[in-house]
Structure formats: structure tokens, C-alpha cells
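**Q** Take a look at the following structure, please.
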Amino acid sequence: MQQDIIRVGTIGNGFIVEEFANAIKQVDGANIEAIYLRPKDLDCGFDKKIGVEKVYSSVEKMLEDDSINCIYIAIP
């Protein structure tokens, strides 16, 4: 039986997202595919820090990404 892969998109760039990304990297069958960053945070380098290639400045665009099947919301 084929195992589904959890492909996560995350919203936020706080310390908890970094911890979450590190934890996901240790889980077989899970990967962080993308991150949403506010336009003012796009150049902060957080995407590279957690190893994400897809960066969105629109939540709606991220939700349209068919490669994502789970969203982790890490904002107050």
C-alpha cells in the first residue's frame, strides 16, 4: 500500500515555525513544501533558514498550490 506524504505549507516566521520545520524534517512521510511570508518579510531569509523553496506572499495563492495538503498556521 502506498503511503501518502504530508506536504505542509506554513504561515508565519516565528521561532515555533523553525522548531516545527526541524521536527518535520525528522518525520518519514512529511515535508514542508512552502511558506507564506508577509510582503515586508520576504527578504528576511527565513525561507532559506528552514529550507523551503516555495515562498508565497499571498495566502490565497499558497492555498491554490496542489502540492500542499496540510497548512500549519503559526501566527497569533
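Labeling convention for the C-alpha cells: chains A, B, ... as they appear, residues from 1 per chain, ligands from 1 in order of appearance.
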Can you tell me, as a list in words, what residues are no more than 8 Å from region 9-19 of chain A when counting only C-alpha atoms, ignoring any on the same chain fewer than 3 positions away?

**A**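 Here the qualifying residues turn out to be Asn22, Ala23, Ile32, Glu33, Ala34, Ile35, Tyr36, Leu37, Phe46, Lys49, Ile50, Met62, Ile68, Asn69, Cys70, Ile71, Tyr72, Ile73, Ala74 and Ile75 of chain A.
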
**Q** Could those selected residues go to a file with N, CA and C atoms, as a compact mmCIF listing (two decimals), in the first residue's frame?

**A**
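Saved as part_8.txt:
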# COMPACT_ATOMS: atom_id res chain seq x y z
N ASN A 22 12.15 21.87 11.82
CA ASN A 22 13.16 20.91 12.25
C ASN A 22 12.54 19.57 12.63
N ALA A 23 11.38 19.62 13.26
CA ALA A 23 10.70 18.38 13.64
C ALA A 23 10.18 17.64 12.41
N ILE A 32 7.95 19.99 4.40
CA ILE A 32 7.44 21.35 4.27
C ILE A 32 7.67 21.79 2.84
N GLU A 33 6.59 22.09 2.15
CA GLU A 33 6.65 22.45 0.74
C GLU A 33 6.77 23.96 0.53
N ALA A 34 6.13 24.74 1.40
CA ALA A 34 6.04 26.18 1.14
C ALA A 34 5.83 26.95 2.43
N ILE A 35 6.06 28.24 2.34
CA ILE A 35 5.82 29.14 3.47
C ILE A 35 5.15 30.41 2.95
N TYR A 36 4.23 30.92 3.74
CA TYR A 36 3.66 32.24 3.48
C TYR A 36 4.41 33.22 4.35
N LEU A 37 4.89 34.28 3.73
CA LEU A 37 5.51 35.38 4.46
C LEU A 37 4.83 36.68 4.05
N PHE A 46 14.20 33.83 6.00
CA PHE A 46 13.64 32.75 6.83
C PHE A 46 13.37 31.49 6.01
N LYS A 49 16.44 29.62 5.84
CA LYS A 49 16.80 29.11 7.17
C LYS A 49 16.11 27.77 7.46
N ILE A 50 14.87 27.63 6.99
CA ILE A 50 14.16 26.38 7.24
C ILE A 50 14.19 25.44 6.03
N MET A 62 -1.01 30.36 -1.99
CA MET A 62 -0.48 29.16 -1.36
C MET A 62 -1.56 28.08 -1.27
N ILE A 68 0.44 21.04 -1.80
CA ILE A 68 0.27 21.19 -0.35
C ILE A 68 -1.03 20.53 0.07
N ASN A 69 -0.96 19.66 1.08
CA ASN A 69 -2.18 19.03 1.56
C ASN A 69 -2.42 19.26 3.06
N CYS A 70 -1.64 20.15 3.65
CA CYS A 70 -1.77 20.47 5.07
C CYS A 70 -1.22 21.88 5.30
N ILE A 71 -1.90 22.67 6.11
CA ILE A 71 -1.43 24.02 6.44
C ILE A 71 -1.21 24.11 7.94
N TYR A 72 -0.02 24.59 8.31
CA TYR A 72 0.30 24.84 9.72
C TYR A 72 0.26 26.35 9.90
N ILE A 73 -0.66 26.83 10.74
CA ILE A 73 -0.81 28.26 10.98
C ILE A 73 -0.12 28.59 12.30
N ALA A 74 0.92 29.40 12.21
CA ALA A 74 1.72 29.73 13.39
C ALA A 74 1.78 31.24 13.60
N ILE A 75 0.62 31.84 13.58
CA ILE A 75 0.53 33.28 13.84
C ILE A 75 -0.55 33.50 14.89

**Q** Extract the full set of strand (DSSP E or B) residues from chain A according to DSSP on the backbone, and format it as an MDAnalysis selection string.

**A** chainID A and resid 6:11 30:36 54:56 70:73

**Q** Any chance you could export the current selection's C-alpha atoms as a PDB file, in the first residue's frame?

**A**
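Saved file selection27.pdb follows:
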ATOM      1  CA  ILE A   6       2.078  15.034   4.264  1.00  0.00           C
ATOM      2  CA  ARG A   7       3.118  18.133   2.334  1.00  0.00           C
ATOM      3  CA  VAL A   8       2.893  21.145   4.625  1.00  0.00           C
ATOM      4  CA  GLY A   9       2.545  24.811   3.888  1.00  0.00           C
ATOM      5  CA  THR A  10       3.231  27.044   6.864  1.00  0.00           C
ATOM      6  CA  ILE A  11       2.066  30.526   7.727  1.00  0.00           C
ATOM      7  CA  ALA A  30       6.296  14.547   5.800  1.00  0.00           C
ATOM      8  CA  ASN A  31       7.846  17.591   4.137  1.00  0.00           C
ATOM      9  CA  ILE A  32       7.441  21.351   4.269  1.00  0.00           C
ATOM     10  CA  GLU A  33       6.649  22.451   0.738  1.00  0.00           C
ATOM     11  CA  ALA A  34       6.043  26.180   1.137  1.00  0.00           C
ATOM     12  CA  ILE A  35       5.815  29.137   3.467  1.00  0.00           C
ATOM     13  CA  TYR A  36       3.663  32.238   3.476  1.00  0.00           C
ATOM     14  CA  LYS A  54       8.374  27.955  -2.387  1.00  0.00           C
ATOM     15  CA  VAL A  55       7.602  31.296  -0.784  1.00  0.00           C
ATOM     16  CA  TYR A  56       4.215  32.943  -1.097  1.00  0.00           C
ATOM     17  CA  CYS A  70      -1.772  20.470   5.067  1.00  0.00           C
ATOM     18  CA  ILE A  71      -1.428  24.015   6.435  1.00  0.00           C
ATOM     19  CA  TYR A  72       0.295  24.841   9.716  1.00  0.00           C
ATOM     20  CA  ILE A  73      -0.814  28.256  10.983  1.00  0.00           C
TER      21      ILE A  73
END

**Q** Identify which of the residues A:Arg38, A:Asp47, A:Pro76, A:Gly29 lies closest to Val59 (chain A), counting only C-alpha atoms when measuring atom-to-atom distances.

**A** A:Arg38

**Q** Please, which residues of chain A, numbered as in this document, come out helix (DSSP H, G or I) from DSSP, as a list in words?

**A**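 Of chain A, the ones in helix (DSSP H, G or I) are Phe15, Ile16, Val17, Glu18, Glu19, Phe20, Ala21, Asn22, Ala23, Ile24, Pro39, Lys40, Asp41, Phe46, Asp47, Lys48, Lys49, Ile50, Val59, Glu60, Lys61, Met62 and Leu63 of chain A.
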
**Q** In Å to one decimal, how far is CA of Asp28 (chain A) from CA of Ser57 (chain A)?

**A**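 Computing it gives 28.2 Å between the two atoms.
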
**Q** For CA of Cys44 (chain A) and CA of Val27 (chain A), determine how far apart the two atoms are, in Å to one decimal place.

**A** 26.5 Å
